[in-house]
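File shown: coords_35.pdb (PDB, C-alpha atoms).
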ATOM      1  CA  MET A 217       0.000   0.000   0.000
ATOM      2  CA  THR A 218       1.303   3.445  -0.950
ATOM      3  CA  ASP A 219       1.634   6.018   1.784
ATOM      4  CA  ILE A 220      -0.357   9.184   1.183
ATOM      5  CA  GLN A 221       0.479  12.491   2.786
ATOM      6  CA  LEU A 222      -1.671  15.586   3.125
ATOM      7  CA  VAL A 223       0.225  18.593   1.779
ATOM      8  CA  GLU A 224      -0.734  22.257   1.600
ATOM      9  CA  LEU A 225       0.939  24.160  -1.210
ATOM     10  CA  THR A 226       0.730  27.814  -2.120
ATOM     11  CA  VAL A 227       1.044  28.080  -5.880
ATOM     12  CA  ASN A 228       0.655  31.391  -7.710
ATOM     13  CA  GLY A 229      -0.908  32.869  -4.584
ATOM     14  CA  GLU A 230      -3.563  30.151  -4.207
ATOM     15  CA  ARG A 231      -3.611  27.598  -1.391
ATOM     16  CA  HIS A 232      -4.125  23.935  -2.360
ATOM     17  CA  GLU A 233      -4.641  20.881  -0.146
ATOM     18  CA  LEU A 234      -3.461  17.683  -1.778
ATOM     19  CA  ALA A 235      -3.286  14.056  -0.745
ATOM     20  CA  ILE A 236      -0.204  12.754  -2.543
ATOM     21  CA  PRO A 237       2.536  10.152  -2.196
ATOM     22  CA  PRO A 238       5.507  11.675  -0.312
ATOM     23  CA  ARG A 239       7.849  11.034  -3.246
ATOM     24  CA  ARG A 240       5.697  12.858  -5.830
ATOM     25  CA  THR A 241       7.760  15.554  -7.511
ATOM     26  CA  LEU A 242       6.711  19.174  -7.538
ATOM     27  CA  ALA A 243       6.705  19.052 -11.351
ATOM     28  CA  ASP A 244       4.193  16.180 -11.339
ATOM     29  CA  VAL A 245       1.988  17.887  -8.755
ATOM     30  CA  LEU A 246       1.969  21.133 -10.736
ATOM     31  CA  ARG A 247       1.209  19.454 -14.059
ATOM     32  CA  HIS A 248      -1.019  16.534 -13.104
ATOM     33  CA  ASP A 249      -2.694  17.517  -9.845
ATOM     34  CA  LEU A 250      -3.055  21.270 -10.370
ATOM     35  CA  GLY A 251      -3.254  21.379 -14.175
ATOM     36  CA  LEU A 252      -0.454  23.951 -14.483
ATOM     37  CA  THR A 253       1.065  22.502 -17.623
ATOM     38  CA  GLY A 254       3.285  25.505 -18.345
ATOM     39  CA  THR A 255       5.931  23.826 -16.225
ATOM     40  CA  HIS A 256       7.546  21.464 -18.723
ATOM     41  CA  VAL A 257       9.368  18.262 -17.889
ATOM     42  CA  GLY A 258      12.373  17.504 -20.040
ATOM     43  CA  CYS A 259      15.285  15.545 -18.657
ATOM     44  CA  GLU A 260      13.887  14.808 -15.177
ATOM     45  CA  HIS A 261      17.457  15.079 -13.843
ATOM     46  CA  GLY A 262      17.676  18.836 -13.202
ATOM     47  CA  ILE A 263      19.897  19.429 -16.214
ATOM     48  CA  CYS A 264      17.691  21.091 -18.843
ATOM     49  CA  GLY A 265      15.843  23.680 -16.744
ATOM     50  CA  ALA A 266      12.525  23.307 -18.591
ATOM     51  CA  CYS A 267      10.798  22.715 -15.245
ATOM     52  CA  THR A 268      12.197  25.845 -13.554
ATOM     53  CA  VAL A 269       9.760  27.531 -11.168
ATOM     54  CA  LEU A 270      10.252  30.058  -8.385
ATOM     55  CA  VAL A 271      10.279  28.762  -4.827
ATOM     56  CA  ASP A 272      10.297  31.679  -2.383
ATOM     57  CA  ASP A 273      11.328  33.878  -5.333
ATOM     58  CA  ALA A 274      14.400  31.779  -6.184
ATOM     59  CA  PRO A 275      14.620  29.654  -9.352
ATOM     60  CA  ALA A 276      14.382  25.920  -8.619
ATOM     61  CA  ARG A 277      14.101  22.747 -10.675
ATOM     62  CA  ALA A 278      10.633  21.294 -10.021
ATOM     63  CA  CYS A 279      11.703  17.843 -11.205
ATOM     64  CA  LEU A 280      14.257  17.605  -8.376
ATOM     65  CA  LEU A 281      11.953  18.674  -5.551
ATOM     66  CA  PHE A 282       9.382  16.581  -3.800
ATOM     67  CA  ALA A 283       6.196  18.554  -3.276
ATOM     68  CA  VAL A 284       6.361  17.871   0.474
ATOM     69  CA  GLN A 285       9.698  19.738   0.586
ATOM     70  CA  VAL A 286       8.098  23.040  -0.412
ATOM     71  CA  GLU A 287       4.979  22.876   1.733
ATOM     72  CA  ASN A 288       5.660  26.176   3.545
ATOM     73  CA  SER A 289       7.019  27.990   0.496
ATOM     74  CA  ALA A 290       5.535  30.339  -2.078
ATOM     75  CA  ILE A 291       5.686  28.661  -5.485
ATOM     76  CA  ARG A 292       5.307  30.545  -8.760
ATOM     77  CA  THR A 293       4.920  28.982 -12.177
ATOM     78  CA  VAL A 294       5.002  30.579 -15.623
ATOM     79  CA  GLU A 295       1.218  30.986 -15.392
ATOM     80  CA  SER A 296       1.797  33.653 -12.712
ATOM     81  CA  LEU A 297       3.524  35.989 -15.166
ATOM     82  CA  SER A 298       0.516  36.966 -17.254
ATOM     83  CA  GLY A 299      -2.134  39.341 -15.991
ATOM     84  CA  PRO A 300      -5.706  38.436 -15.004
ATOM     85  CA  ASP A 301      -6.987  39.132 -18.516
ATOM     86  CA  GLY A 302      -4.182  37.117 -20.109
ATOM     87  CA  GLU A 303      -2.031  40.111 -21.002
ATOM     88  CA  LEU A 304       1.635  39.226 -21.220
ATOM     89  CA  SER A 305       4.131  40.421 -18.648
ATOM     90  CA  ASP A 306       6.945  42.739 -19.678
ATOM     91  CA  LEU A 307       9.351  39.790 -19.692
ATOM     92  CA  GLN A 308       7.073  37.721 -21.928
ATOM     93  CA  GLN A 309       6.666  40.690 -24.280
ATOM     94  CA  CYS A 310      10.443  41.081 -24.519
ATOM     95  CA  PHE A 311      10.830  37.392 -25.357
ATOM     96  CA  GLY A 312       8.309  37.841 -28.171
ATOM     97  CA  GLU A 313       9.832  41.060 -29.489
ATOM     98  CA  HIS A 314      13.363  39.641 -29.518
ATOM     99  CA  HIS A 315      12.309  36.212 -30.824
ATOM    100  CA  GLY A 316      13.669  34.640 -27.638
ATOM    101  CA  LEU A 317      11.808  31.426 -28.394
ATOM    102  CA  GLN A 318      11.336  29.084 -31.284
ATOM    103  CA  CYS A 319       9.763  25.731 -30.466
ATOM    104  CA  GLY A 320       8.801  27.097 -27.026
ATOM    105  CA  PHE A 321       9.453  23.963 -24.983
ATOM    106  CA  CYS A 322      12.223  25.515 -22.881
ATOM    107  CA  THR A 323      10.650  28.985 -22.761
ATOM    108  CA  PRO A 324       8.685  28.655 -19.477
ATOM    109  CA  GLY A 325      11.860  27.580 -17.699
ATOM    110  CA  PHE A 326      13.821  30.507 -19.149
ATOM    111  CA  LEU A 327      11.061  32.946 -18.219
ATOM    112  CA  MET A 328      10.989  31.804 -14.602
ATOM    113  CA  LEU A 329      14.787  31.728 -14.388
ATOM    114  CA  ALA A 330      14.950  35.286 -15.735
ATOM    115  CA  GLU A 331      12.083  36.508 -13.538
ATOM    116  CA  GLY A 332      13.802  35.232 -10.412
ATOM    117  CA  TYR A 333      17.212  36.501 -11.462
ATOM    118  CA  LEU A 334      16.047  40.011 -12.402
ATOM    119  CA  ALA A 335      14.200  40.349  -9.097
ATOM    120  CA  GLU A 336      17.462  39.605  -7.308
ATOM    121  CA  GLU A 337      19.825  41.418  -9.705
ATOM    122  CA  PRO A 338      17.951  44.240 -11.468
ATOM    123  CA  ASP A 339      21.222  45.831 -12.622
ATOM    124  CA  ALA A 340      22.603  42.658 -14.186
ATOM    125  CA  SER A 341      25.111  43.135 -16.984
ATOM    126  CA  ARG A 342      24.817  41.380 -20.319
ATOM    127  CA  GLU A 343      27.642  39.008 -19.371
ATOM    128  CA  GLU A 344      25.943  38.146 -16.073
ATOM    129  CA  ILE A 345      22.670  37.477 -17.898
ATOM    130  CA  ARG A 346      24.513  35.289 -20.421
ATOM    131  CA  GLU A 347      26.057  33.257 -17.605
ATOM    132  CA  VAL A 348      22.701  32.775 -15.840
ATOM    133  CA  VAL A 349      20.743  31.685 -18.908
ATOM    134  CA  ALA A 350      23.478  29.179 -19.759
ATOM    135  CA  SER A 351      22.163  27.054 -16.882
ATOM    136  CA  ASN A 352      19.078  26.144 -18.961
ATOM    137  CA  LEU A 353      19.203  24.247 -22.237
ATOM    138  CA  CYS A 354      17.745  25.475 -25.524
ATOM    139  CA  ARG A 355      18.206  23.611 -28.794
ATOM    140  CA  CYS A 356      16.690  26.267 -31.065
ATOM    141  CA  THR A 357      17.605  29.878 -30.339
ATOM    142  CA  GLY A 358      21.357  29.829 -29.851
ATOM    143  CA  TYR A 359      20.738  31.836 -26.634
ATOM    144  CA  GLN A 360      21.579  35.226 -28.193
ATOM    145  CA  THR A 361      17.929  36.269 -28.528
ATOM    146  CA  ILE A 362      17.168  35.056 -24.999
ATOM    147  CA  VAL A 363      20.003  37.208 -23.629
ATOM    148  CA  ASP A 364      18.708  40.137 -25.724
ATOM    149  CA  ALA A 365      15.200  39.690 -24.303
ATOM    150  CA  VAL A 366      16.312  39.488 -20.668
ATOM    151  CA  GLU A 367      18.684  42.440 -21.069
ATOM    152  CA  ASP A 368      15.936  44.544 -22.680
ATOM    153  CA  CYS A 369      13.465  43.673 -19.934
ATOM    154  CA  ALA A 370      16.005  44.596 -17.256
ATOM    155  CA  GLY A 371      16.587  47.953 -18.942
ATOM    156  CA  ARG A 372      12.861  48.646 -19.255
ATOM    157  CA  ARG A 373      12.282  47.809 -15.590
ATOM    158  CA  ARG A 374      15.115  50.106 -14.494
ATOM    159  CA  ALA A 375      13.760  52.915 -16.688
ATOM    160  CA  ALA A 376      10.219  52.450 -15.331
ATOM    161  CA  LEU A 377      11.495  52.508 -11.762
ATOM    162  CA  GLN A 378      13.532  55.655 -12.419
ATOM    163  CA  SER A 379      10.534  57.317 -14.070
ATOM    164  CA  ALA A 380       8.339  56.461 -11.083
ATOM    165  CA  LEU A 381      10.946  57.850  -8.694
ATOM    166  CA  ASP A 382      11.346  61.026 -10.756
ATOM    167  CA  SER A 383       7.596  61.672 -10.851
ATOM    168  CA  ALA A 384       6.893  60.774  -7.211
ATOM    169  CA  PRO A 385       5.810  63.735  -5.078
ATOM    170  CA  LEU A 386       8.144  64.855  -2.334
ATOM    171  CA  SER A 387       7.357  63.109   0.922
ATOM    172  CA  ALA A 388       6.491  65.035   4.063
ATOM    173  CA  ALA A 389       9.933  64.266   5.502
ATOM    174  CA  GLN A 390      11.841  65.879   2.637
ATOM    175  CA  PRO A 391      10.521  69.474   3.056
ATOM    176  CA  ALA A 392      11.124  69.284   6.816
ATOM    177  CA  ALA A 393      14.701  68.192   6.232
ATOM    178  CA  GLN A 394      15.225  71.000   3.746
ATOM    179  CA  SER A 395      14.065  73.634   6.257
ATOM    180  CA  ALA A 396      16.221  72.286   9.083
ATOM    181  CA  PRO A 397      19.003  74.608  10.256
ATOM    182  CA  GLN A 398      22.230  74.195   8.345
ATOM    183  CA  SER A 399      25.346  72.999  10.136
ATOM    184  CA  ALA A 400      28.195  75.317  10.819
ATOM    185  CA  PRO A 401      30.184  76.426   7.758
ATOM    186  CA  GLN A 402      33.307  74.413   7.009
ATOM    187  CA  SER A 403      35.531  77.421   7.856
ATOM    188  CA  ALA A 404      34.142  77.464  11.380
ATOM    189  CA  LEU A 405      34.803  73.753  11.738
ATOM    190  CA  ASP A 406      38.339  74.164  10.414
ATOM    191  CA  GLY A 407      39.034  76.844  13.039
ATOM    192  CA  ALA A 408      37.719  74.624  15.810
ATOM    193  CA  SER A 409      40.281  71.967  15.112
ATOM    194  CA  ALA A 410      43.252  74.361  15.144
TER
END
Just give me the structure of the file as structure tokens.
Amino acid sequence: MTDIQLVELTVNGERHELAIPPRRTLADVLRHDLGLTGTHVGCEHGICGACTVLVDDAPARACLLFAVQVENSAIRTVESLSGPDGELSDLQQCFGEHHGLQCGFCTPGFLMLAEGYLAEEPDASREEIREVVASNLCRCTGYQTIVDAVEDCAGRRRAALQSALDSAPLSAAQPAAQSAPQSAPQSALDGASA
């Protein structure tokens, strides 16, 4: 008789209670139990990266994790990237604009790898992006267009953040700090040390 374990998983912000065998992989739970088929299974050895998801915002290979291992974690799949009306995220749009996909099998893994990496390293250089995406396998694109897409998305996110900061109203603390008395002039300080 197979042991069954009750597991609570939070996937894409939704809580799920599942009765599963303890050795069921996260990839199988996502695809077969929750119907989230965007997570692809390729090598099943953690080599190809097609099954990459975010676990507590860090990229992880879903084929190497048992679902019971991530019970108290926040899991995000490629389905979490698009908006409620199906509109593509900025990262997905960049992949489309730069032709960062061909057959599409590896694309969900690359998207989740890039999403996790850019959240951690928003100022990543092109060389750093190239090194990170090399951890996933793609047989079609030659990687150049994937690097282009991730680099473009990073630049757009930095520009959007800077624009938001530039247009933000001054906070209440800033005017108070500006009207605070100025410190003694440097010449007065220089004389004090003599």
Q | Picked residues, the PyMOL selection byres ((chain A and resi 339) around 12), as an MDAnalysis selection string | A | chainID A and resid 333:338 340:345 366:375 377
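For the pair CA of Cys279 in chain A and CA of Gly251 in chain A, the separation is 15.7 Å.
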Please produce, as a Markdown table, a per-residue contact table for range 329-391 of chain A versus range 261-275 of chain A (criterion: any atom at most 7 Å away, all atoms listed in the file considered), showing the nearest atom pair and its distance in Å to one decimal, sorted by chain then residue number.
| residue | atom | partner | partner_atom | distance |
| --- | --- | --- | --- | --- |
| A:Leu329 | CA | A:Pro275 | CA | 5.4 |
| A:Gly332 | CA | A:Ala274 | CA | 5.5 |
| A:Asn352 | CA | A:Gly265 | CA | 4.6 |
| A:Leu353 | CA | A:Cys264 | CA | 4.9 |
(Q) Evaluated on this file, the PyMOL selection byres ((chain A and resi 242) around 7) picks out some residues - which ones are they, written as JSON, numbers by chain? (A) {"A": [240, 241, 243, 244, 245, 246, 278, 279, 281, 282, 283]}
**Q.** CA of His232 in chain A to CA of Ala330 in chain A, distance in Å rounded to a single decimal
**A.** 25.9 Å
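Counting all atoms listed in the file and comparing A:Ala365, A:Thr293, A:Asp249, A:Gly358, the residue that lies closest to Gln309 in chain A is A:Ala365.
We find CA of Arg277 in chain A and CA of Pro237 in chain A to be spaced 19.1 Å apart.
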Q) Hey, what's within 10 Å of Ser298 in chain A if we count all atoms listed in the file and toss same-chain stuff fewer than 5 positions away? As a ChimeraX atom specification, please? A) /A:303-308
Produce range 336-357 of chain A of the given structure as output with N, CA, C and O atoms, as a CSV table (one decimal), in the first residue's frame.
chain,number,residue,atom,x,y,z
A,336,GLU,N,16.3,39.6,-8.2
A,336,GLU,CA,17.5,39.6,-7.3
A,336,GLU,C,18.6,40.5,-7.8
A,336,GLU,O,19.2,41.2,-7.0
A,337,GLU,N,18.7,40.6,-9.1
A,337,GLU,CA,19.8,41.4,-9.7
A,337,GLU,C,19.3,42.3,-10.8
A,337,GLU,O,19.5,42.1,-12.0
A,338,PRO,N,18.6,43.4,-10.4
A,338,PRO,CA,18.0,44.2,-11.5
A,338,PRO,C,19.0,45.0,-12.3
A,338,PRO,O,18.6,45.4,-13.4
A,339,ASP,N,20.2,45.1,-11.9
A,339,ASP,CA,21.2,45.8,-12.6
A,339,ASP,C,22.2,44.9,-13.3
A,339,ASP,O,23.3,45.2,-13.6
A,340,ALA,N,21.7,43.7,-13.6
A,340,ALA,CA,22.6,42.7,-14.2
A,340,ALA,C,23.2,43.1,-15.5
A,340,ALA,O,22.5,43.7,-16.3
A,341,SER,N,24.5,42.8,-15.7
A,341,SER,CA,25.1,43.1,-17.0
A,341,SER,C,24.8,42.1,-18.0
A,341,SER,O,24.3,41.0,-17.7
A,342,ARG,N,25.1,42.3,-19.2
A,342,ARG,CA,24.8,41.4,-20.3
A,342,ARG,C,25.6,40.1,-20.1
A,342,ARG,O,25.1,39.0,-20.3
A,343,GLU,N,26.8,40.2,-19.6
A,343,GLU,CA,27.6,39.0,-19.4
A,343,GLU,C,27.1,38.2,-18.2
A,343,GLU,O,27.1,37.0,-18.3
A,344,GLU,N,26.6,38.9,-17.2
A,344,GLU,CA,25.9,38.1,-16.1
A,344,GLU,C,24.7,37.4,-16.5
A,344,GLU,O,24.4,36.3,-16.1
A,345,ILE,N,23.9,38.1,-17.4
A,345,ILE,CA,22.7,37.5,-17.9
A,345,ILE,C,23.0,36.3,-18.7
A,345,ILE,O,22.4,35.2,-18.6
A,346,ARG,N,24.1,36.4,-19.6
A,346,ARG,CA,24.5,35.3,-20.4
A,346,ARG,C,24.9,34.1,-19.6
A,346,ARG,O,24.6,32.9,-19.9
A,347,GLU,N,25.6,34.3,-18.5
A,347,GLU,CA,26.1,33.3,-17.6
A,347,GLU,C,24.9,32.6,-16.9
A,347,GLU,O,24.8,31.3,-16.8
A,348,VAL,N,23.9,33.4,-16.5
A,348,VAL,CA,22.7,32.8,-15.8
A,348,VAL,C,21.9,31.9,-16.8
A,348,VAL,O,21.5,30.8,-16.5
A,349,VAL,N,21.6,32.4,-18.0
A,349,VAL,CA,20.7,31.7,-18.9
A,349,VAL,C,21.4,30.4,-19.4
A,349,VAL,O,20.8,29.5,-19.9
A,350,ALA,N,22.8,30.4,-19.3
A,350,ALA,CA,23.5,29.2,-19.8
A,350,ALA,C,23.1,28.0,-18.9
A,350,ALA,O,23.4,26.8,-19.3
A,351,SER,N,22.5,28.2,-17.8
A,351,SER,CA,22.2,27.1,-16.9
A,351,SER,C,20.9,26.3,-17.4
A,351,SER,O,20.7,25.2,-16.9
A,352,ASN,N,20.2,26.8,-18.3
A,352,ASN,CA,19.1,26.1,-19.0
A,352,ASN,C,19.5,25.8,-20.4
A,352,ASN,O,20.3,26.5,-21.0
A,353,LEU,N,18.9,24.7,-20.9
A,353,LEU,CA,19.2,24.2,-22.2
A,353,LEU,C,18.1,24.7,-23.2
A,353,LEU,O,16.9,24.6,-23.0
A,354,CYS,N,18.6,25.1,-24.4
A,354,CYS,CA,17.7,25.5,-25.5
A,354,CYS,C,18.4,24.9,-26.8
A,354,CYS,O,19.6,25.2,-27.0
A,355,ARG,N,17.6,24.2,-27.6
A,355,ARG,CA,18.2,23.6,-28.8
A,355,ARG,C,17.9,24.5,-30.0
A,355,ARG,O,18.4,24.1,-31.1
A,356,CYS,N,17.1,25.5,-29.9
A,356,CYS,CA,16.7,26.3,-31.1
A,356,CYS,C,17.3,27.7,-31.2
A,356,CYS,O,17.7,28.0,-32.3
A,357,THR,N,17.3,28.4,-30.2
A,357,THR,CA,17.6,29.9,-30.3
A,357,THR,C,19.1,30.2,-30.4
A,357,THR,O,19.4,31.3,-30.9
